[in-house]
Structures are given as C-alpha cells and as structure tokens.
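Dropping work-v6.txt in here (compact mmCIF, C-alpha atoms):
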```txt
# COMPACT_ATOMS: atom_id res chain seq x y z
CA MET A 1181 35.71 53.72 53.48
CA ALA A 1182 33.22 56.24 52.05
CA THR A 1183 29.56 55.69 52.89
CA LEU A 1184 27.10 55.59 50.02
CA ILE A 1185 24.28 58.10 50.46
CA THR A 1186 22.39 57.54 47.22
CA GLY A 1187 18.73 57.05 48.05
CA THR A 1188 18.80 59.03 51.27
CA ARG A 1189 19.95 62.54 50.29
CA ILE A 1190 17.80 65.49 51.34
CA LEU A 1191 19.47 68.61 49.98
CA PRO A 1192 18.35 72.24 50.38
CA ALA A 1193 15.92 73.72 47.88
CA ALA A 1194 17.14 76.25 45.33
CA PRO A 1195 15.94 79.83 45.80
CA VAL A 1196 12.91 80.88 43.77
CA ALA A 1197 13.59 82.96 40.66
CA PRO A 1198 12.93 86.72 40.94
CA ASP A 1199 9.31 87.83 40.60
CA ALA A 1200 10.14 89.92 37.52
CA ILE A 1201 11.36 86.80 35.69
CA LEU A 1202 8.38 84.69 36.70
CA GLN A 1203 5.90 87.43 35.80
CA ALA A 1204 7.51 87.88 32.39
CA LEU A 1205 7.32 84.15 31.70
CA ALA A 1206 3.66 84.08 32.74
CA GLY A 1207 2.92 86.12 29.62
CA ILE A 1208 4.84 83.86 27.20
CA VAL A 1209 3.41 80.71 25.61
CA THR A 1210 5.47 77.53 25.71
CA PRO A 1211 5.82 77.21 21.89
CA HIS A 1212 7.66 80.56 21.81
CA LEU A 1213 10.01 79.26 24.49
CA SER A 1214 10.66 75.88 22.92
CA ASP A 1215 11.14 77.39 19.45
CA ASN A 1216 14.04 79.34 20.97
CA LEU A 1217 15.44 76.26 22.71
CA ALA A 1218 16.39 74.62 19.39
CA ARG A 1219 12.94 72.95 19.20
CA ARG A 1220 14.34 69.91 20.96
CA GLU A 1221 13.96 70.86 24.62
CA GLY A 1222 10.84 70.04 26.56
CA ILE A 1223 9.04 67.43 28.59
CA ALA A 1224 7.16 64.79 26.62
CA GLY A 1225 4.35 62.40 27.51
CA LEU A 1226 2.76 64.17 30.48
CA HIS A 1227 -0.89 65.28 30.59
CA ARG A 1228 -2.29 68.53 31.95
CA TYR A 1229 -4.94 67.89 34.62
CA ASN A 1230 -5.88 71.45 35.55
CA ARG A 1231 -8.36 73.02 33.13
CA ALA A 1232 -7.23 76.58 33.85
CA GLY A 1233 -4.13 78.28 35.16
CA LYS A 1234 -0.53 78.50 34.00
CA LEU A 1235 2.52 76.92 35.58
CA VAL A 1236 5.57 79.15 36.13
CA GLY A 1237 8.08 78.52 38.89
CA THR A 1238 11.40 77.19 40.14
CA ALA A 1239 11.99 73.45 40.34
CA LEU A 1240 12.15 71.73 43.70
CA THR A 1241 12.93 68.16 42.72
CA VAL A 1242 12.39 64.74 44.24
CA LYS A 1243 13.36 61.33 42.92
CA THR A 1244 11.37 58.49 44.43
CA ARG A 1245 10.88 54.79 44.06
CA PRO A 1246 7.93 54.17 41.71
CA GLY A 1247 4.66 54.08 43.63
CA ASP A 1248 6.16 55.48 46.85
CA ASN A 1249 5.73 59.03 48.18
CA LEU A 1250 7.59 59.10 51.51
CA MET A 1251 10.35 61.34 50.18
CA ILE A 1252 7.81 63.53 48.38
CA TYR A 1253 6.58 64.45 51.85
CA LYS A 1254 10.12 65.52 52.74
CA ALA A 1255 10.31 67.64 49.60
CA MET A 1256 6.94 69.24 50.30
CA MET A 1257 8.22 70.51 53.64
CA GLN A 1258 10.78 72.65 51.78
CA VAL A 1259 8.31 74.33 49.42
CA GLN A 1260 8.33 78.11 49.34
CA PRO A 1261 6.00 80.34 47.27
CA GLY A 1262 7.06 80.04 43.65
CA HIS A 1263 8.48 76.53 43.84
CA VAL A 1264 7.25 73.85 41.43
CA LEU A 1265 7.33 70.35 42.92
CA VAL A 1266 8.94 68.16 40.26
CA VAL A 1267 8.62 64.42 40.97
CA ASP A 1268 10.55 61.69 39.16
CA ALA A 1269 8.53 58.58 39.99
CA GLY A 1270 10.01 56.55 37.16
CA GLY A 1271 7.01 57.03 34.88
CA ASP A 1272 5.21 54.24 36.70
CA LEU A 1273 1.39 54.16 36.67
CA SER A 1274 0.79 51.31 39.11
CA ASN A 1275 0.26 53.50 42.19
CA ALA A 1276 -0.49 57.20 42.51
CA VAL A 1277 2.15 59.18 44.38
CA LEU A 1278 0.18 62.43 44.78
CA GLY A 1279 -3.47 63.34 45.35
CA GLU A 1280 -5.89 65.89 46.75
CA ILE A 1281 -4.57 65.99 50.31
CA MET A 1282 -1.03 66.72 49.15
CA LYS A 1283 -2.39 69.25 46.65
CA ARG A 1284 -4.15 71.09 49.50
CA TYR A 1285 -0.95 71.19 51.57
CA LEU A 1286 1.11 72.47 48.64
CA GLN A 1287 -1.40 75.19 47.85
CA ALA A 1288 -1.39 76.30 51.49
CA HIS A 1289 2.37 76.85 51.25
CA GLY A 1290 2.40 78.74 47.96
CA CYS A 1291 3.50 75.97 45.63
CA ALA A 1292 3.25 77.07 41.98
CA GLY A 1293 2.22 73.60 40.75
CA VAL A 1294 3.31 69.99 40.39
CA VAL A 1295 4.94 67.93 37.66
CA VAL A 1296 4.85 64.16 38.20
CA ASP A 1297 6.49 61.60 35.95
CA GLY A 1298 4.22 58.97 37.40
CA ALA A 1299 0.59 58.74 38.49
CA ILE A 1300 -1.71 60.99 40.49
CA ARG A 1301 -5.23 60.38 41.80
CA ASP A 1302 -8.26 62.47 42.82
CA VAL A 1303 -8.42 63.73 39.25
CA GLY A 1304 -11.67 65.62 39.84
CA ALA A 1305 -10.01 67.86 42.42
CA PHE A 1306 -7.34 68.89 39.95
CA GLU A 1307 -9.75 69.39 37.07
CA ALA A 1308 -11.93 71.66 39.21
CA ASP A 1309 -9.01 73.87 40.23
CA ALA A 1310 -6.54 76.24 38.58
CA PHE A 1311 -3.63 74.67 40.51
CA PRO A 1312 -1.26 73.48 37.75
CA CYS A 1313 -0.77 69.71 37.62
CA TYR A 1314 0.99 67.68 34.97
CA ALA A 1315 1.38 63.91 35.29
CA ARG A 1316 1.99 60.89 33.13
CA GLY A 1317 -1.35 59.37 34.14
CA HIS A 1318 -3.69 58.55 37.00
CA ILE A 1319 -4.97 55.58 38.97
CA HIS A 1320 -7.05 55.08 42.10
CA ARG A 1321 -4.46 52.92 43.89
CA GLY A 1322 -2.60 54.87 46.55
CA PRO A 1323 1.11 55.05 47.34
CA TYR A 1324 3.45 53.18 49.63
CA LYS A 1325 5.52 55.10 52.17
CA ASP A 1326 8.78 53.20 52.48
CA GLY A 1327 11.38 55.08 50.42
CA PRO A 1328 14.03 55.31 49.20
CA GLY A 1329 14.24 58.69 47.53
CA GLU A 1330 16.27 61.87 47.18
CA VAL A 1331 15.32 65.54 47.39
CA ASN A 1332 16.84 68.31 45.26
CA VAL A 1333 18.91 66.15 42.94
CA PRO A 1334 18.78 66.11 39.12
CA VAL A 1335 15.75 64.18 37.85
CA SER A 1336 14.52 62.88 34.52
CA ILE A 1337 11.00 63.97 33.57
CA GLY A 1338 9.58 62.85 30.25
CA GLY A 1339 13.03 62.65 28.68
CA GLN A 1340 14.19 66.01 30.05
CA VAL A 1341 16.79 66.34 32.80
CA ILE A 1342 15.63 68.95 35.33
CA HIS A 1343 18.02 70.32 37.92
CA PRO A 1344 16.98 71.91 41.20
CA GLY A 1345 16.57 75.60 40.51
CA ASP A 1346 15.64 75.23 36.85
CA ILE A 1347 12.63 77.22 35.72
CA VAL A 1348 9.56 75.26 34.62
CA VAL A 1349 6.80 76.73 32.44
CA GLY A 1350 3.62 74.89 31.49
CA ASP A 1351 0.42 75.68 29.62
CA GLU A 1352 -2.09 73.87 27.43
CA ASP A 1353 0.64 73.05 24.90
CA GLY A 1354 2.93 71.33 27.39
CA LEU A 1355 5.99 71.90 29.54
CA VAL A 1356 9.43 73.39 29.05
CA SER A 1357 12.30 73.79 31.49
CA PHE A 1358 15.61 75.61 31.37
CA ALA A 1359 18.39 76.90 33.60
CA ALA A 1360 17.48 80.04 35.52
CA ASP A 1361 20.44 81.99 34.13
CA GLU A 1362 19.09 81.50 30.60
CA ALA A 1363 15.78 83.18 31.43
CA PRO A 1364 16.53 86.83 30.52
CA ALA A 1365 17.86 85.99 27.05
CA LEU A 1366 15.08 83.47 26.46
CA ILE A 1367 12.40 85.99 27.47
CA ALA A 1368 13.83 88.52 25.00
CA ALA A 1369 13.98 85.94 22.20
CA ALA A 1370 10.44 84.72 22.89
CA ARG A 1371 9.07 88.28 22.83
CA ALA A 1372 10.78 88.89 19.48
CA HIS A 1373 9.27 85.63 18.25
CA ALA A 1374 5.81 86.79 19.30
CA ASP A 1375 6.31 90.06 17.39
CA LYS A 1376 7.35 88.13 14.29
CA GLU A 1377 4.27 85.93 14.49
CA ALA A 1378 2.05 89.00 14.91
CA SER A 1379 3.47 90.37 11.65
CA ILE A 1380 2.73 87.06 9.92
CA MET A 1381 -0.85 87.11 11.19
CA ALA A 1382 -1.25 90.64 9.84
CA GLU A 1383 0.07 89.54 6.46
CA ILE A 1384 -2.40 86.63 6.38
CA ASP A 1385 -5.23 89.02 7.21
CA GLY A 1386 -4.23 91.01 4.12
CA GLY A 1387 -5.58 88.16 2.00
CA ALA A 1388 -2.63 87.58 -0.34
CA ARG A 1389 -2.16 84.03 -1.60
CA THR A 1390 1.62 84.42 -1.73
CA GLN A 1391 3.06 85.08 1.68
CA SER A 1392 6.59 86.25 2.48
CA TRP A 1393 7.00 83.77 5.32
CA MET A 1394 6.11 80.87 3.02
CA GLN A 1395 8.42 82.16 0.30
CA ALA A 1396 11.29 82.38 2.77
CA ALA A 1397 10.84 78.70 3.63
CA PHE A 1398 10.69 77.77 -0.06
CA ALA A 1399 13.75 79.86 -0.90
CA ALA A 1400 15.80 78.16 1.81
CA LYS A 1401 15.22 74.84 0.00
CA GLY A 1402 15.54 76.16 -3.54
CA LEU A 1403 11.80 75.99 -4.21
CA ALA A 1404 10.98 79.68 -4.54
```
Output the file's structure in the form of structure tokens.
Amino acid sequence: MATLITGTRILPAAPVAPDAILQALAGIVTPHLSDNLARREGIAGLHRYNRAGKLVGTALTVKTRPGDNLMIYKAMMQVQPGHVLVVDAGGDLSNAVLGEIMKRYLQAHGCAGVVVDGAIRDVGAFEADAFPCYARGHIHRGPYKDGPGEVNVPVSIGGQVIHPGDIVVGDEDGLVSFAADEAPALIAAARAHADKEASIMAEIDGGARTQSWMQAAFAAKGLA
C-alpha cells in the first residue's frame, strides 16, 4: 500500500532565474507586466510593508498550517540569493508566521523578499527597511511550531497559484507572478508597452483636447 506523504514533503528549491532576467524585471513596473498577462493575473489582497525597495526573484514556496511556521524554517534553510520566500498560510490572521528574527536570517542568506498569505509581526522592522515584504495582515500573536507543511509545492497566494520556480515581481502597485520561461517574451512586451505609454504622455503634453488613444477606444465601440 502506498504511503501518503502530503503534509510532510520537503522538495528541492528551484534554481534562481538568470541575473539578466531579474535585472531586466527590476526596471519594469507591475502594471506593464499585468497588462500583458491578460489583465487577469496577479496576487490580490496582500499589503506592502516595506516603504522602499522592489521585489524581483524566483519563488521558493512553502505551504503551512495557518498560524504555524515550523515548515517555514525548513524552507528558509534552502534559500539562495535571488529566491523569494512565498508562504501559503491559508490567509489566516490569527497568528503571525513571520517576523523580524526570520527577516534577519533571510536577509543574511540573500533572500530577495517574502510574500505571506497570512500574518506577519514586527511591522516597524519591515517599514524601516527596504527588504520587500507583502502579507495579508499583521498581528502581535506569535506562531506555533507543530506542522504540518510542505516545501516547494504549488501554493495559492491571494487567488494566484504559484509554482516553485515561478518569477515574482512586486512594487507599490502590487504583485505579479509568472512561469520563468515566459519572462523573455513578457519583458519585451512590457518594454513595448512602456514605449507606447511614453508616446501617449507626449501627446497629452501637446495640449490637444482630442487624443488619438481616446479616439481608438471610442472607435472600437462605435463611439468615434
């Protein structure tokens, strides 16, 4: 008879995306990424706790019982520079699963940032730093350390499924994630999008009341 392993799996971390990809994404805002992901991709309902800094990295995932961080510790031990620790804590806000001590450890090992569908604590430490942190909320109550949990399995974060190895990008507008093999095409599309918006801004600066980009939207609906 096969033995069930759900709740105890600790799988290897995915390799970090190439520096050239991560550096290119660091210069692209999340709206230009999500606009080229059919405007339906993205992580909803999480708050940005760092007041500076941008999140770009490769997902190292952990799924844990709400309010428990034992398996997050296991995941942290796999972090390499460029990994983003992505924690599915069930969206629960009863107990924080990550705080300043864990933040310090992650920074010491090159972690690119954290995404927690659950609660954090020690908010002041995150607000005073450029270390990227997104979470559903915060509370002073600390975590339990009992398990179960799984490391490097698909997780659900704010309605978005994130797989180990996916790329995660976050800024003041929010978070997007996508498969690593989509990155080159997405970077090209986002850069073209930025060029298009620059042309629109230049047209606006020209002062005309009638704008070509408005007229195109009207024409598509028979309102031109």
Among the residues A:Asp1309, A:Ser1392, A:Gly1262, A:Tyr1314, the one that comes closest to Gly1350 of chain A [using all atoms listed in the file] = A:Tyr1314
request  = May I ask which of the residues A:Ile1208, A:Ala1197, A:Ala1308, A:Leu1217 is the closest one to Gln1260 of chain A, counting only C-alpha atoms?
outcome  =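 Among the listed residues, A:Ala1197 lies closest to Gln1260 of chain A.
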task = Would you please work out which residue, of A:Glu1330, A:Asp1272, A:Asp1297, A:Asp1346, is nearest to Ala1224 of chain A when using all atoms listed in the file?
result = A:Asp1297
task = Counting all atoms listed in the file, write as a list of chain:residue names all protein and nucleic acid residues lying at most 12 Å from (5.8, 85.4, 37.9) in the file's frame.
result = A:Val1196, A:Ala1197, A:Pro1198, A:Asp1199, A:Ala1200, A:Ile1201, A:Leu1202, A:Gln1203, A:Ala1204, A:Leu1205, A:Ala1206, A:Gly1207, A:Ile1208, A:Lys1234, A:Leu1235, A:Val1236, A:Gly1237, A:Thr1238, A:Pro1261, A:Gly1262, A:His1263, A:Ala1292, A:Ile1347, A:Val1348, A:Val1349
ask   = Using all atoms listed in the file, which of A:Glu1221, A:Val1335, A:Ile1281, A:Gly1345 sits nearest Val1264 of chain A?
value =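 Ranking A:Glu1221, A:Val1335, A:Ile1281, A:Gly1345 by distance to Val1264 of chain A, first place goes to A:Gly1345.
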inquiry  = If we count only C-alpha atoms and set the cut-off at 12 Å, which residues sit around Arg1371 of chain A, ignoring sequence neighbours fewer than 2 positions away in its own chain? Please answer as JSON, numbers by chain.
reply    = {"A": [1204, 1205, 1207, 1208, 1209, 1210, 1211, 1212, 1213, 1215, 1216, 1364, 1365, 1366, 1367, 1368, 1369, 1373, 1374, 1375, 1376, 1377, 1378]}
Could you write out the selected residues, including C-alpha atoms, as a PDB file, keeping the file's coordinate frame?
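Contents of the output file out.pdb:
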```pdb
ATOM      1  CA  ALA A1204       7.510  87.880  32.390  1.00  0.00           C
ATOM      2  CA  LEU A1205       7.320  84.150  31.700  1.00  0.00           C
ATOM      3  CA  GLY A1207       2.920  86.120  29.620  1.00  0.00           C
ATOM      4  CA  ILE A1208       4.840  83.860  27.200  1.00  0.00           C
ATOM      5  CA  VAL A1209       3.410  80.710  25.610  1.00  0.00           C
ATOM      6  CA  THR A1210       5.470  77.530  25.710  1.00  0.00           C
ATOM      7  CA  PRO A1211       5.820  77.210  21.890  1.00  0.00           C
ATOM      8  CA  HIS A1212       7.660  80.560  21.810  1.00  0.00           C
ATOM      9  CA  LEU A1213      10.010  79.260  24.490  1.00  0.00           C
ATOM     10  CA  ASP A1215      11.140  77.390  19.450  1.00  0.00           C
ATOM     11  CA  ASN A1216      14.040  79.340  20.970  1.00  0.00           C
ATOM     12  CA  PRO A1364      16.530  86.830  30.520  1.00  0.00           C
ATOM     13  CA  ALA A1365      17.860  85.990  27.050  1.00  0.00           C
ATOM     14  CA  LEU A1366      15.080  83.470  26.460  1.00  0.00           C
ATOM     15  CA  ILE A1367      12.400  85.990  27.470  1.00  0.00           C
ATOM     16  CA  ALA A1368      13.830  88.520  25.000  1.00  0.00           C
ATOM     17  CA  ALA A1369      13.980  85.940  22.200  1.00  0.00           C
ATOM     18  CA  HIS A1373       9.270  85.630  18.250  1.00  0.00           C
ATOM     19  CA  ALA A1374       5.810  86.790  19.300  1.00  0.00           C
ATOM     20  CA  ASP A1375       6.310  90.060  17.390  1.00  0.00           C
ATOM     21  CA  LYS A1376       7.350  88.130  14.290  1.00  0.00           C
ATOM     22  CA  GLU A1377       4.270  85.930  14.490  1.00  0.00           C
ATOM     23  CA  ALA A1378       2.050  89.000  14.910  1.00  0.00           C
TER      24      ALA A1378
END
```
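Residue nearest Glu1352 of chain A within the list A:Ile1337, A:Cys1313, A:Ala1194, A:Val1266: A:Cys1313 [criterion: smallest interatomic distance, all atoms listed in the file].
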key: d(atom CA of Gly1317 of chain A, atom CA of Ala1299 of chain A) in Å   =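 Between these atoms lies a distance of 4.8 Å.
When all atoms listed in the file are used to measure the gap to Pro1312 of chain A, the shortest distance among A:Gln1395, A:Asn1249, A:Gln1287, A:Gln1340 belongs to A:Gln1287.
Picture a line from atom CA of Leu1226 of chain A to atom CA of Leu1355 of chain A; it runs 8.4 Å.
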query = Mind pulling up the distance from atom CA of Gly1339 of chain A to atom CA of Ala1232 of chain A?
reply =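 Computing it gives 25.1 Å between the two atoms.
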